[in-house]
Amino acid sequence: MDIQNLLPLVVILPFTGAAIIGLLGFLSPNFRKQEGLIGGLAVAMVAIPFVIYLIAFLNFDGKPLIFDLFSWMETPDLKIRFSYELDELSLIMGMIVTGVGSLIHLYSISYMHGDKGYYKYFLYLNLFIFAMTNLVLGDNLVVLFLGWEGVGACSYFLIGFWFKDMEKAKAAQKAFVANRIGDFALLTAMFLIYSTTGTLTFREFLYIGYDPVTLKWICLLVFIAATGKSAQIPLYVWLPDAMAGPTPVSALIHAATMVTSGIYLIARMSWMYYNAHEVLAFIAIIGALTAVSAAMTAIAQNDIKKVLAYSTVSQLGFMFMALGAGAFTTAIFHVMTHAFFKACLFLGSGSVIHAMEHAHAAPDPQDIRFMGNLKKYMPHTSKTFFISTLAIAGIPPLAGFFSKDEILGKTFAAGHENTIYYLVWFIGICTAFMTAFYMTRLYVLTFEGKERFQYQRTHDEHAHHEHDDHHHEPHESPAIITIPLWILAILAIVGGFLGLPEIIGHGHYNWISHHWLGGGGSPLVKNITLHASFFTEIILIVLSIAIGVIGVSLAWKLYTTQGLQGDEVVKSKLGGFYKVLQNKFYVDEFYNAVIVRPFVFLSDRFVMFLDKEIVDGAVNGAADLTDITGGIIKKLQTGLIQNYVLIMVCGVIAVIAYLML
Amino acid sequence: MVETVLFWVLAVLSIATALAVITNRNPMYSVLLLVVNFFCIGGLYLTLNAEFIAVIQIIVYAGAIMVLFLFVVMLLNLGSEKSLEPAFDAKKGLAFLLGLAFLAEMLVAMKDFSAIGSAKETFEYGKVEKIGLQLMTQYVYPFEMISVILLVALIGALMIAKKYN
Amino acid sequence: MQNQNPILISLSELKIKKIIMEFNSQFILDTLPALSLLGFGLIVMLLDAFKNEKITSVVTILGILISMLLAVPGVVIPEEIRLTFYNQIYTGGLAGLIHILLCLSGLLSVPFITDYLQKNNQTHLQGEIFSLILFSSVGMNLLATANDLMMTFIGLEIMSVSLYILAGSFKKDLRSNEASLKYFLLGAFASAFLLLGISMVYGMTGTTMLDRITTIDPNLIKDKFPVLFYPAIALIAIGFLFKLSAFPFHVWTPDVYTGAPTPLVGFMATGSKMASVIAFGFILNSLLPQSGDKLSQVIAILALLSMIYGNIVAAQQQNIKRLLAYSSISHTGYMLLGVAGGPEGYKAAIFYMLIYTFMTIAAFALISSIENKEEDLNYQNWSGLGVKNIAFGLIMSILMFSLAGFPPFAGFIGKYFVFLSAVKGGFVVHAVIGILTSVVGAYYYLKVLVTMFFEKPKDNIQPKTLKIRKNILIPIMVLALIIVIIGIIPAPISSYLDILYGKAGFLAKL
């Protein structure tokens, strides 16, 4: 069977899964109880596309595979088709989405067990994969935008999945609003592109010349869109709150896939960014600032998922640094490795949270201050978590080291052109150190040291709960949860070898940057390979290893010996600044004071007046006018057939008279 | 020659009966006079070699429609002539004016009238077999489809008349 | 032969021309879609006669489906549309598609009618009603695909007479009787206009065949018959405008739609209009091939008046059926604006009709599901209904949004294409006013939803049955789904219409 014929399935299957689950779930209450059936179906609808991608990947010959499903909308000036293009970039993104996606689907079968909205959860999850597929495969901006909005909507549904909790509903709303700002920018960029070129298909508008000002604006607007979806300054505030959703969702949407779509979009349009140097520098700076501020915030957080959320923001910042340095392939490389270890970390945290919830041991099952020594109870979770921690901290030879080192190297090399990149590089190094530190802190406080939780060892209080006594002790999650964890952990170990550093064989072994994404015909601009000298390269690598090792060992020593007191040490070192970090730089408060409150105030006073008196007045006036005229002319309809005939005859006479005269 | 004599006799007779129909006070007589009028017009068609229309005129109008008229007259039971006393009002005046306008229109139209061909030339077309041939070949589809209208009308009549339990 | 002017053909020449074609069995095959409908109509009648009423609805659906299938080959392998049966009627290609479109309204209505009859203990009417629906569909087919004006008229009459009877099929219901009588009397009146127009056209051209009329230069006719020409066209147009219920020939619409049995209104309001608009476009195009004529101005003005009148008066209605009746007048206006816009506009109008078919049948079906007594039709009594019965509220919302023309529902796409073609046809002002009137439309559609969702329920006056029965819930949901899908991805259907219309000969000239 020709792979070309199978390709439409990667789009159709997730949608079919969502449609079947949604329809049957809506119609039949019995279906809703068939958890195995729902979960199995949902997993299959993601796993099969993964296999298809894999086959396509193995048979890929450098020519983009284009498949066209059907026409969406046709007007004389604009024809939009559901048309997809599978090239190097979308293939690798597709594999990440469906590969990590199917593992997380699998994990969710157990994680969501017994939830009331079980079928809805999988409906959204499949729908998310469908939207994400549209986003990464669409060969024009409209299909991409459909996916862009689709993932946003799914993310909104899933953050607010337990919408009865007001906090969670609010978090969903926050995510939605922040994303809307980005979407608006993307739409504006689309209008700009369409009005300049008359097309929205990538291969038609990417490679042509623009005048510099238009180009700059398009690039800037697309970047603003990316800051919304990929949680960069100033729109990143929604991501930490988005942790209100179920943990697998955080792993899939808010760590591995959706949040990287901004990076994908910029990489996809790299041929345009390539010519907009100022915008690239701006991106690098924003990325660096986001990375460092998020990393600093993460040091002072106590919620296990919040720490991971800030670390995600920080890692996304790294990816933007890479983009800004013109190292587009490196950014995608980091997207991939990050997907592995961050998904593993999130899924691990989910496993921990489940265990803590079962134990009823802590006031808050997500607070690391009430954890500790969990490795005794959860060997698999702790091991995989440890591996991923080392990976994100940049310890060789784990995946994170290679991608992060490449980013730092490229940024440093870019400093030749523009000295601002040296600053970016320096911030990157600092962030890498902090990353190693806070991730180790997270691991140690969670899994090592003393137990800081108290579970009920006796069962007199809960005697009426049968079998409940087993549940008081935190315990390891079932295999269906630990297997995805291990797969991801292994990927986090070996994933880095796809991009070995330049010093080894002059980059010939950097498969991602040199062969796959950097090959001829790839949609990406090749890395702006500035040849840092061999010596510089060595120094950079050594520095990067040293930073990682120092960060890890420092935190390890501090927190294994001192436990929670370690935080006090950090606090004393940082002084008043620690409080700022704890409060996340007061950004939420700042936005509240500067944007939200004035806005509410305005809408309260001024807009209300405008709305009530003028707009409402006009609308009501129009409605009243309609009512009055309607009241008069409805009297034409008397109900008497003689009058009807008279009206018709008058009509006939009028028509003939008009035609004759 | 015979044709001309026949025409004048029938023409005068038909106008006379038509006048009698609207002037007669007894509706029964009016209806019967109308039958005579229809026969006269049928005769006129015959003089134009329009056999088919002549026959249709007799069958449909003099036959079916007049029977209907008679039924209506009997059902309405218009015994007293008083109720038919003419009373002049604005509506009738308007109707009269419209009638006059129609007459004027006819006269204007007649003024420019010229026969397309003589009766001899149209001889073939009024014949029953000609029309029959056309109906069964060229127009067989519409002709057969007219039966559907009748069928539908029958169903309608049935629905009105039928008593359901 | 073509360059001769048929007006000038003398009778002797005509004599030579009338060579009798051999009857060809191909004729039967070509007209099989219509004939099979007819056959199934007879079968349903017979089933009724032999007391097998229960299966009549199934047989009807089966019959319509078979008839549609018979038309499929011509559509799937898009052949040229061609004449058949002694040039009386078109077949193949677009004609096949038209047949399928016309059958849709019957097909979609049957489940709802069945349910409604059961609910009102009128199942004994099934045989008559379903056979009439089938016969009426035959009439629509003849009307829309006729080449001979006589055929057109016969088709129109078969369709209309069936509808007159259907409107009055609930004998004991006075309003139903009233609807039937009014529809019949006014319809007969309009038919007379149409027939008069046809006879005038025959008088001017010497033929009733549209393909032959098309070959004559209209200016030639105009010069020869200056007085007759426009009245003839006007009278024919009025015959159709009546069926389409355009202002001021709409007068029957509110009373008939209110009085006739609810799901039957869905059928009456859709199929007959679809057939009429297709025939209308076809005949106008043959009589007046160059667009931009005075006639298109008249149509545009009437379209505008229909929109304004329909929307403004609809806003006054409390009875939902009456509201939809007036709104249907405004929808006729939108569609006519497309017709006025020229050949692109015909396509837009037919596309609009298709969408309107789905929306209207679904809307009347949904209303019939909760209708038990007269007061249930007053939407003021529906306060809180949308919250109480989610399915009802949801589907009603989709329908109302779509009727009002909000994206992403099908109604928006239909309006978009119509207005686009109107603007291209030079009717910019009309389009702008049309869009403004649709804002008024949004006002009363949303008023229904506001009552349903945001007002406190008043239990004492609410409709008793709130649960939609399963056997009609699923068809309604399918319709709602179709509306959403067309709204999101309109291109497959609209571009298919384009292809077939491109192949149809009668638009190629323009």
# chains A, B, ... in the order shown; residues from 1 in each chain; ligands from 1
$ residues_around --residues "range 39-50 of chain B" --least-positions-apart "6" --cutoff "7 Å" --atoms "only C-alpha atoms" --output "list of chain:residue names"
B:Glu3, B:Phe7, B:Leu10, B:Leu13, B:Ser14, B:Gln57, B:Ile58, B:Ala119, B:Phe123, B:Gly126, B:Lys127
$ interface_residues --of "chain C" --to "chain B" --cutoff "7 Å" --atoms "only C-alpha atoms" --output "number ranges by chain"
C: 86, 128, 132, 151, 154, 157-158, 161-162, 165
$ atom_distance --atom1 "CA of Phe135 in chain C" --atom2 "CA of Met268 in chain C"
12.9 Å
$ residues_around --residues "range 169-177 of chain C" --least-positions-apart "2" --cutoff "7 Å" --atoms "only C-alpha atoms" --output "compact mmCIF listing (two decimals) with N, CA and C atoms, in the first residue's frame"
# COMPACT_ATOMS: atom_id res chain seq x y z
N ILE C 165 -54.45 20.11 -0.91
CA ILE C 165 -55.11 19.06 -0.13
C ILE C 165 -54.33 18.78 1.15
N LEU C 166 -52.99 18.75 1.03
CA LEU C 166 -52.19 18.47 2.22
C LEU C 166 -52.42 19.53 3.29
N ALA C 167 -52.55 20.78 2.86
CA ALA C 167 -52.75 21.85 3.84
C ALA C 167 -54.03 21.63 4.63
N ALA C 179 -56.79 27.16 5.89
CA ALA C 179 -55.53 27.22 5.14
C ALA C 179 -55.73 26.63 3.75
N SER C 180 -56.36 25.49 3.73
CA SER C 180 -56.53 24.80 2.45
C SER C 180 -57.33 25.65 1.47
N LEU C 181 -58.44 26.19 1.95
CA LEU C 181 -59.32 26.95 1.05
C LEU C 181 -58.61 28.20 0.52
N GLY C 259 -52.02 27.51 9.60
CA GLY C 259 -53.12 26.57 9.71
C GLY C 259 -52.77 25.14 9.39
N ALA C 260 -51.87 24.93 8.45
CA ALA C 260 -51.60 23.57 8.00
C ALA C 260 -50.89 22.78 9.09
N PRO C 261 -51.04 21.45 9.08
CA PRO C 261 -50.34 20.62 10.07
C PRO C 261 -48.84 20.88 10.04
$ closest_atom_pairs --of "chain A" --to "chain C" --cutoff "9 Å" --atoms "only C-alpha atoms" --output "tab-separated table"
residue	atom	partner	partner_atom	distance
A:Phe70	CA	C:Pro492	CA	7.0
A:Ser71	CA	C:Ala491	CA	5.4
A:Trp72	CA	C:Ile489	CA	4.8
A:Met73	CA	C:Ala491	CA	4.6
A:Glu74	CA	C:Ala491	CA	5.8
A:Thr75	CA	C:Phe417	CA	8.5
A:Ile80	CA	C:Ala491	CA	8.9
A:Arg81	CA	C:Ala491	CA	8.7
A:Ala622	CA	C:Val440	CA	8.4
A:Ala623	CA	C:Val440	CA	7.6
A:Thr626	CA	C:Ile312	CA	5.7
A:Asp627	CA	C:Gln316	CA	6.4
A:Thr629	CA	C:Ile312	CA	7.3
A:Gly630	CA	C:Val313	CA	4.7
A:Gly631	CA	C:Gln316	CA	6.8
A:Ile632	CA	C:Val313	CA	9.0
A:Ile633	CA	C:Val313	CA	7.2
A:Lys634	CA	C:Val313	CA	5.7
A:Leu636	CA	C:Val251	CA	8.8
A:Gln637	CA	C:Val251	CA	7.0
A:Gly639	CA	C:Asp255	CA	7.3
A:Ile641	CA	C:Lys182	CA	6.7
A:Tyr644	CA	C:Val251	CA	5.7
A:Val645	CA	C:Leu186	CA	7.0
A:Ile647	CA	C:Pro248	CA	6.7
A:Met648	CA	C:Phe249	CA	5.4
A:Val649	CA	C:Phe249	CA	8.9
A:Cys650	CA	C:Pro248	CA	8.4
A:Gly651	CA	C:Pro248	CA	5.8
A:Val652	CA	C:Ile238	CA	7.1
A:Val655	CA	C:Ala234	CA	6.7
A:Ile656	CA	C:Pro231	CA	5.6
A:Ala657	CA	C:Pro231	CA	8.7
A:Tyr658	CA	C:Val298	CA	7.5
A:Leu659	CA	C:Tyr230	CA	6.1
A:Met660	CA	C:Tyr230	CA	6.4
$ residues_around --residues "Val177 in chain A" --least-positions-apart "2" --cutoff "12 Å" --atoms "only C-alpha atoms" --output "PDB file with N, CA and C atoms, in the first residue's frame"
ATOM      1  N   GLY A 152      -6.303  25.631  21.196  1.00  0.00           N
ATOM      2  CA  GLY A 152      -6.638  26.596  22.250  1.00  0.00           C
ATOM      3  C   GLY A 152      -7.938  26.225  22.923  1.00  0.00           C
ATOM      4  N   ALA A 153      -8.927  25.866  22.100  1.00  0.00           N
ATOM      5  CA  ALA A 153     -10.231  25.513  22.661  1.00  0.00           C
ATOM      6  C   ALA A 153     -10.124  24.266  23.514  1.00  0.00           C
ATOM      7  N   TYR A 156      -8.572  25.006  26.678  1.00  0.00           N
ATOM      8  CA  TYR A 156      -9.547  25.692  27.545  1.00  0.00           C
ATOM      9  C   TYR A 156     -10.485  24.688  28.214  1.00  0.00           C
ATOM     10  N   LYS A 170     -11.601  29.716  36.496  1.00  0.00           N
ATOM     11  CA  LYS A 170     -10.948  31.008  36.283  1.00  0.00           C
ATOM     12  C   LYS A 170      -9.635  30.842  35.549  1.00  0.00           C
ATOM     13  N   ALA A 171      -8.904  29.767  35.904  1.00  0.00           N
ATOM     14  CA  ALA A 171      -7.629  29.502  35.237  1.00  0.00           C
ATOM     15  C   ALA A 171      -7.862  29.299  33.743  1.00  0.00           C
ATOM     16  N   ALA A 172      -8.941  28.551  33.442  1.00  0.00           N
ATOM     17  CA  ALA A 172      -9.259  28.299  32.042  1.00  0.00           C
ATOM     18  C   ALA A 172      -9.528  29.609  31.326  1.00  0.00           C
ATOM     19  N   GLN A 173     -10.255  30.472  32.015  1.00  0.00           N
ATOM     20  CA  GLN A 173     -10.594  31.750  31.402  1.00  0.00           C
ATOM     21  C   GLN A 173      -9.351  32.587  31.138  1.00  0.00           C
ATOM     22  N   LYS A 174      -8.440  32.539  32.103  1.00  0.00           N
ATOM     23  CA  LYS A 174      -7.215  33.312  31.973  1.00  0.00           C
ATOM     24  C   LYS A 174      -6.435  32.840  30.746  1.00  0.00           C
ATOM     25  N   ALA A 175      -6.333  31.512  30.620  1.00  0.00           N
ATOM     26  CA  ALA A 175      -5.626  30.950  29.474  1.00  0.00           C
ATOM     27  C   ALA A 175      -6.286  31.415  28.183  1.00  0.00           C
ATOM     28  N   ASN A 179      -4.536  33.763  25.359  1.00  0.00           N
ATOM     29  CA  ASN A 179      -4.373  33.214  24.017  1.00  0.00           C
ATOM     30  C   ASN A 179      -5.068  34.047  22.961  1.00  0.00           C
ATOM     31  N   ARG A 180      -6.193  34.641  23.345  1.00  0.00           N
ATOM     32  CA  ARG A 180      -6.926  35.463  22.372  1.00  0.00           C
ATOM     33  C   ARG A 180      -6.064  36.621  21.862  1.00  0.00           C
ATOM     34  N   ILE A 181      -5.275  37.176  22.777  1.00  0.00           N
ATOM     35  CA  ILE A 181      -4.436  38.292  22.363  1.00  0.00           C
ATOM     36  C   ILE A 181      -3.478  37.824  21.272  1.00  0.00           C
ATOM     37  N   GLY A 182      -2.880  36.647  21.521  1.00  0.00           N
ATOM     38  CA  GLY A 182      -1.985  36.085  20.518  1.00  0.00           C
ATOM     39  C   GLY A 182      -2.707  35.782  19.220  1.00  0.00           C
ATOM     40  N   ASP A 183      -3.916  35.211  19.337  1.00  0.00           N
ATOM     41  CA  ASP A 183      -4.671  34.856  18.135  1.00  0.00           C
ATOM     42  C   ASP A 183      -4.955  36.087  17.293  1.00  0.00           C
ATOM     43  N   PHE A 184      -5.243  37.161  17.999  1.00  0.00           N
ATOM     44  CA  PHE A 184      -5.535  38.400  17.276  1.00  0.00           C
ATOM     45  C   PHE A 184      -4.327  38.825  16.454  1.00  0.00           C
ATOM     46  N   GLY A 228       1.828  34.190  22.926  1.00  0.00           N
ATOM     47  CA  GLY A 228       0.588  33.773  23.571  1.00  0.00           C
ATOM     48  C   GLY A 228       0.548  32.269  23.746  1.00  0.00           C
ATOM     49  N   LYS A 229       0.706  31.556  22.639  1.00  0.00           N
ATOM     50  CA  LYS A 229       0.540  30.101  22.713  1.00  0.00           C
ATOM     51  C   LYS A 229       1.708  29.452  23.426  1.00  0.00           C
ATOM     52  N   LEU A 235       2.935  37.297  27.812  1.00  0.00           N
ATOM     53  CA  LEU A 235       1.664  36.565  27.877  1.00  0.00           C
ATOM     54  C   LEU A 235       1.794  35.222  28.574  1.00  0.00           C
ATOM     55  N   TYR A 236       2.891  34.983  29.315  1.00  0.00           N
ATOM     56  CA  TYR A 236       3.105  33.633  29.840  1.00  0.00           C
ATOM     57  C   TYR A 236       2.236  33.322  31.050  1.00  0.00           C
ATOM     58  N   VAL A 237       1.567  34.335  31.605  1.00  0.00           N
ATOM     59  CA  VAL A 237       0.927  34.165  32.919  1.00  0.00           C
ATOM     60  C   VAL A 237      -0.102  33.052  32.971  1.00  0.00           C
ATOM     61  N   TRP A 238      -0.612  32.664  31.811  1.00  0.00           N
ATOM     62  CA  TRP A 238      -1.678  31.663  31.861  1.00  0.00           C
ATOM     63  C   TRP A 238      -1.154  30.265  32.131  1.00  0.00           C
ATOM     64  N   LEU A 239       0.105  30.017  31.736  1.00  0.00           N
ATOM     65  CA  LEU A 239       0.582  28.629  31.776  1.00  0.00           C
ATOM     66  C   LEU A 239       0.680  28.062  33.187  1.00  0.00           C
ATOM     67  N   VAL A 596      -6.219  44.975  34.173  1.00  0.00           N
ATOM     68  CA  VAL A 596      -7.562  44.461  34.464  1.00  0.00           C
ATOM     69  C   VAL A 596      -8.412  45.496  35.184  1.00  0.00           C
TER      70      VAL A 596
END
$ residues_around --residues "Ile285 in chain A" --least-positions-apart "5" --cutoff "9 Å" --atoms "only C-alpha atoms" --output "ChimeraX atom specification"
/A:280,290,320-321,324,420-421,423-424
$ atom_distance --atom1 "CA of Ser261 in chain A" --atom2 "CA of Leu58 in chain A"
24.2 Å
$ residues_around --residues "Tyr422 in chain A" --least-positions-apart "3" --cutoff "12 Å" --atoms "only C-alpha atoms" --output "PDB file with N, CA and C atoms, in the first residue's frame"
ATOM      1  N   ALA A 281      16.677  39.235  16.981  1.00  0.00           N
ATOM      2  CA  ALA A 281      17.356  39.641  18.206  1.00  0.00           C
ATOM      3  C   ALA A 281      16.339  39.875  19.321  1.00  0.00           C
ATOM      4  N   ALA A 284      15.239  36.663  20.715  1.00  0.00           N
ATOM      5  CA  ALA A 284      16.244  36.070  21.594  1.00  0.00           C
ATOM      6  C   ALA A 284      16.204  36.710  22.973  1.00  0.00           C
ATOM      7  N   ILE A 285      16.048  38.027  22.993  1.00  0.00           N
ATOM      8  CA  ILE A 285      16.045  38.719  24.292  1.00  0.00           C
ATOM      9  C   ILE A 285      14.818  38.323  25.091  1.00  0.00           C
ATOM     10  N   ALA A 288      15.293  34.894  26.428  1.00  0.00           N
ATOM     11  CA  ALA A 288      16.228  34.830  27.552  1.00  0.00           C
ATOM     12  C   ALA A 288      15.593  35.369  28.823  1.00  0.00           C
ATOM     13  N   MET A 321      15.267  31.433  22.499  1.00  0.00           N
ATOM     14  CA  MET A 321      16.631  31.918  22.362  1.00  0.00           C
ATOM     15  C   MET A 321      17.266  31.312  21.124  1.00  0.00           C
ATOM     16  N   ALA A 325      18.545  33.183  17.786  1.00  0.00           N
ATOM     17  CA  ALA A 325      19.918  33.126  17.302  1.00  0.00           C
ATOM     18  C   ALA A 325      19.971  32.589  15.879  1.00  0.00           C
ATOM     19  N   LEU A 408      23.069  26.988  23.625  1.00  0.00           N
ATOM     20  CA  LEU A 408      24.009  27.954  24.188  1.00  0.00           C
ATOM     21  C   LEU A 408      25.150  28.217  23.224  1.00  0.00           C
ATOM     22  N   GLY A 409      25.625  27.143  22.583  1.00  0.00           N
ATOM     23  CA  GLY A 409      26.721  27.292  21.630  1.00  0.00           C
ATOM     24  C   GLY A 409      26.334  28.205  20.483  1.00  0.00           C
ATOM     25  N   LYS A 410      25.140  27.979  19.944  1.00  0.00           N
ATOM     26  CA  LYS A 410      24.705  28.785  18.799  1.00  0.00           C
ATOM     27  C   LYS A 410      24.513  30.244  19.201  1.00  0.00           C
ATOM     28  N   THR A 411      23.999  30.436  20.410  1.00  0.00           N
ATOM     29  CA  THR A 411      23.790  31.809  20.844  1.00  0.00           C
ATOM     30  C   THR A 411      25.111  32.530  20.975  1.00  0.00           C
ATOM     31  N   PHE A 412      26.068  31.800  21.543  1.00  0.00           N
ATOM     32  CA  PHE A 412      27.386  32.406  21.711  1.00  0.00           C
ATOM     33  C   PHE A 412      27.981  32.752  20.354  1.00  0.00           C
ATOM     34  N   ALA A 413      27.835  31.805  19.422  1.00  0.00           N
ATOM     35  CA  ALA A 413      28.382  32.031  18.089  1.00  0.00           C
ATOM     36  C   ALA A 413      27.720  33.227  17.416  1.00  0.00           C
ATOM     37  N   ALA A 414      26.412  33.387  17.689  1.00  0.00           N
ATOM     38  CA  ALA A 414      25.693  34.510  17.074  1.00  0.00           C
ATOM     39  C   ALA A 414      26.217  35.838  17.590  1.00  0.00           C
ATOM     40  N   GLY A 415      26.899  35.803  18.736  1.00  0.00           N
ATOM     41  CA  GLY A 415      27.464  37.018  19.304  1.00  0.00           C
ATOM     42  C   GLY A 415      28.454  37.705  18.387  1.00  0.00           C
ATOM     43  N   HIS A 416      29.015  36.945  17.441  1.00  0.00           N
ATOM     44  CA  HIS A 416      29.916  37.532  16.464  1.00  0.00           C
ATOM     45  C   HIS A 416      29.245  38.641  15.672  1.00  0.00           C
ATOM     46  N   GLU A 417      28.008  38.375  15.349  1.00  0.00           N
ATOM     47  CA  GLU A 417      27.275  39.322  14.508  1.00  0.00           C
ATOM     48  C   GLU A 417      26.781  40.501  15.328  1.00  0.00           C
ATOM     49  N   ASN A 418      26.222  40.160  16.466  1.00  0.00           N
ATOM     50  CA  ASN A 418      25.550  41.171  17.271  1.00  0.00           C
ATOM     51  C   ASN A 418      25.883  40.868  18.723  1.00  0.00           C
ATOM     52  N   THR A 419      26.540  41.818  19.361  1.00  0.00           N
ATOM     53  CA  THR A 419      27.034  41.515  20.709  1.00  0.00           C
ATOM     54  C   THR A 419      25.922  41.235  21.708  1.00  0.00           C
ATOM     55  N   TRP A 425      23.468  34.795  25.794  1.00  0.00           N
ATOM     56  CA  TRP A 425      24.172  33.574  26.154  1.00  0.00           C
ATOM     57  C   TRP A 425      24.433  33.526  27.658  1.00  0.00           C
ATOM     58  N   PHE A 426      24.850  34.654  28.186  1.00  0.00           N
ATOM     59  CA  PHE A 426      25.167  34.698  29.611  1.00  0.00           C
ATOM     60  C   PHE A 426      23.919  34.398  30.445  1.00  0.00           C
ATOM     61  N   ILE A 427      22.810  35.027  30.070  1.00  0.00           N
ATOM     62  CA  ILE A 427      21.562  34.745  30.785  1.00  0.00           C
ATOM     63  C   ILE A 427      21.223  33.268  30.674  1.00  0.00           C
ATOM     64  N   GLY A 428      21.477  32.719  29.485  1.00  0.00           N
ATOM     65  CA  GLY A 428      21.194  31.297  29.273  1.00  0.00           C
ATOM     66  C   GLY A 428      21.998  30.427  30.221  1.00  0.00           C
ATOM     67  N   ILE A 429      23.262  30.749  30.377  1.00  0.00           N
ATOM     68  CA  ILE A 429      24.117  29.961  31.271  1.00  0.00           C
ATOM     69  C   ILE A 429      23.584  30.030  32.704  1.00  0.00           C
TER      70      ILE A 429
END
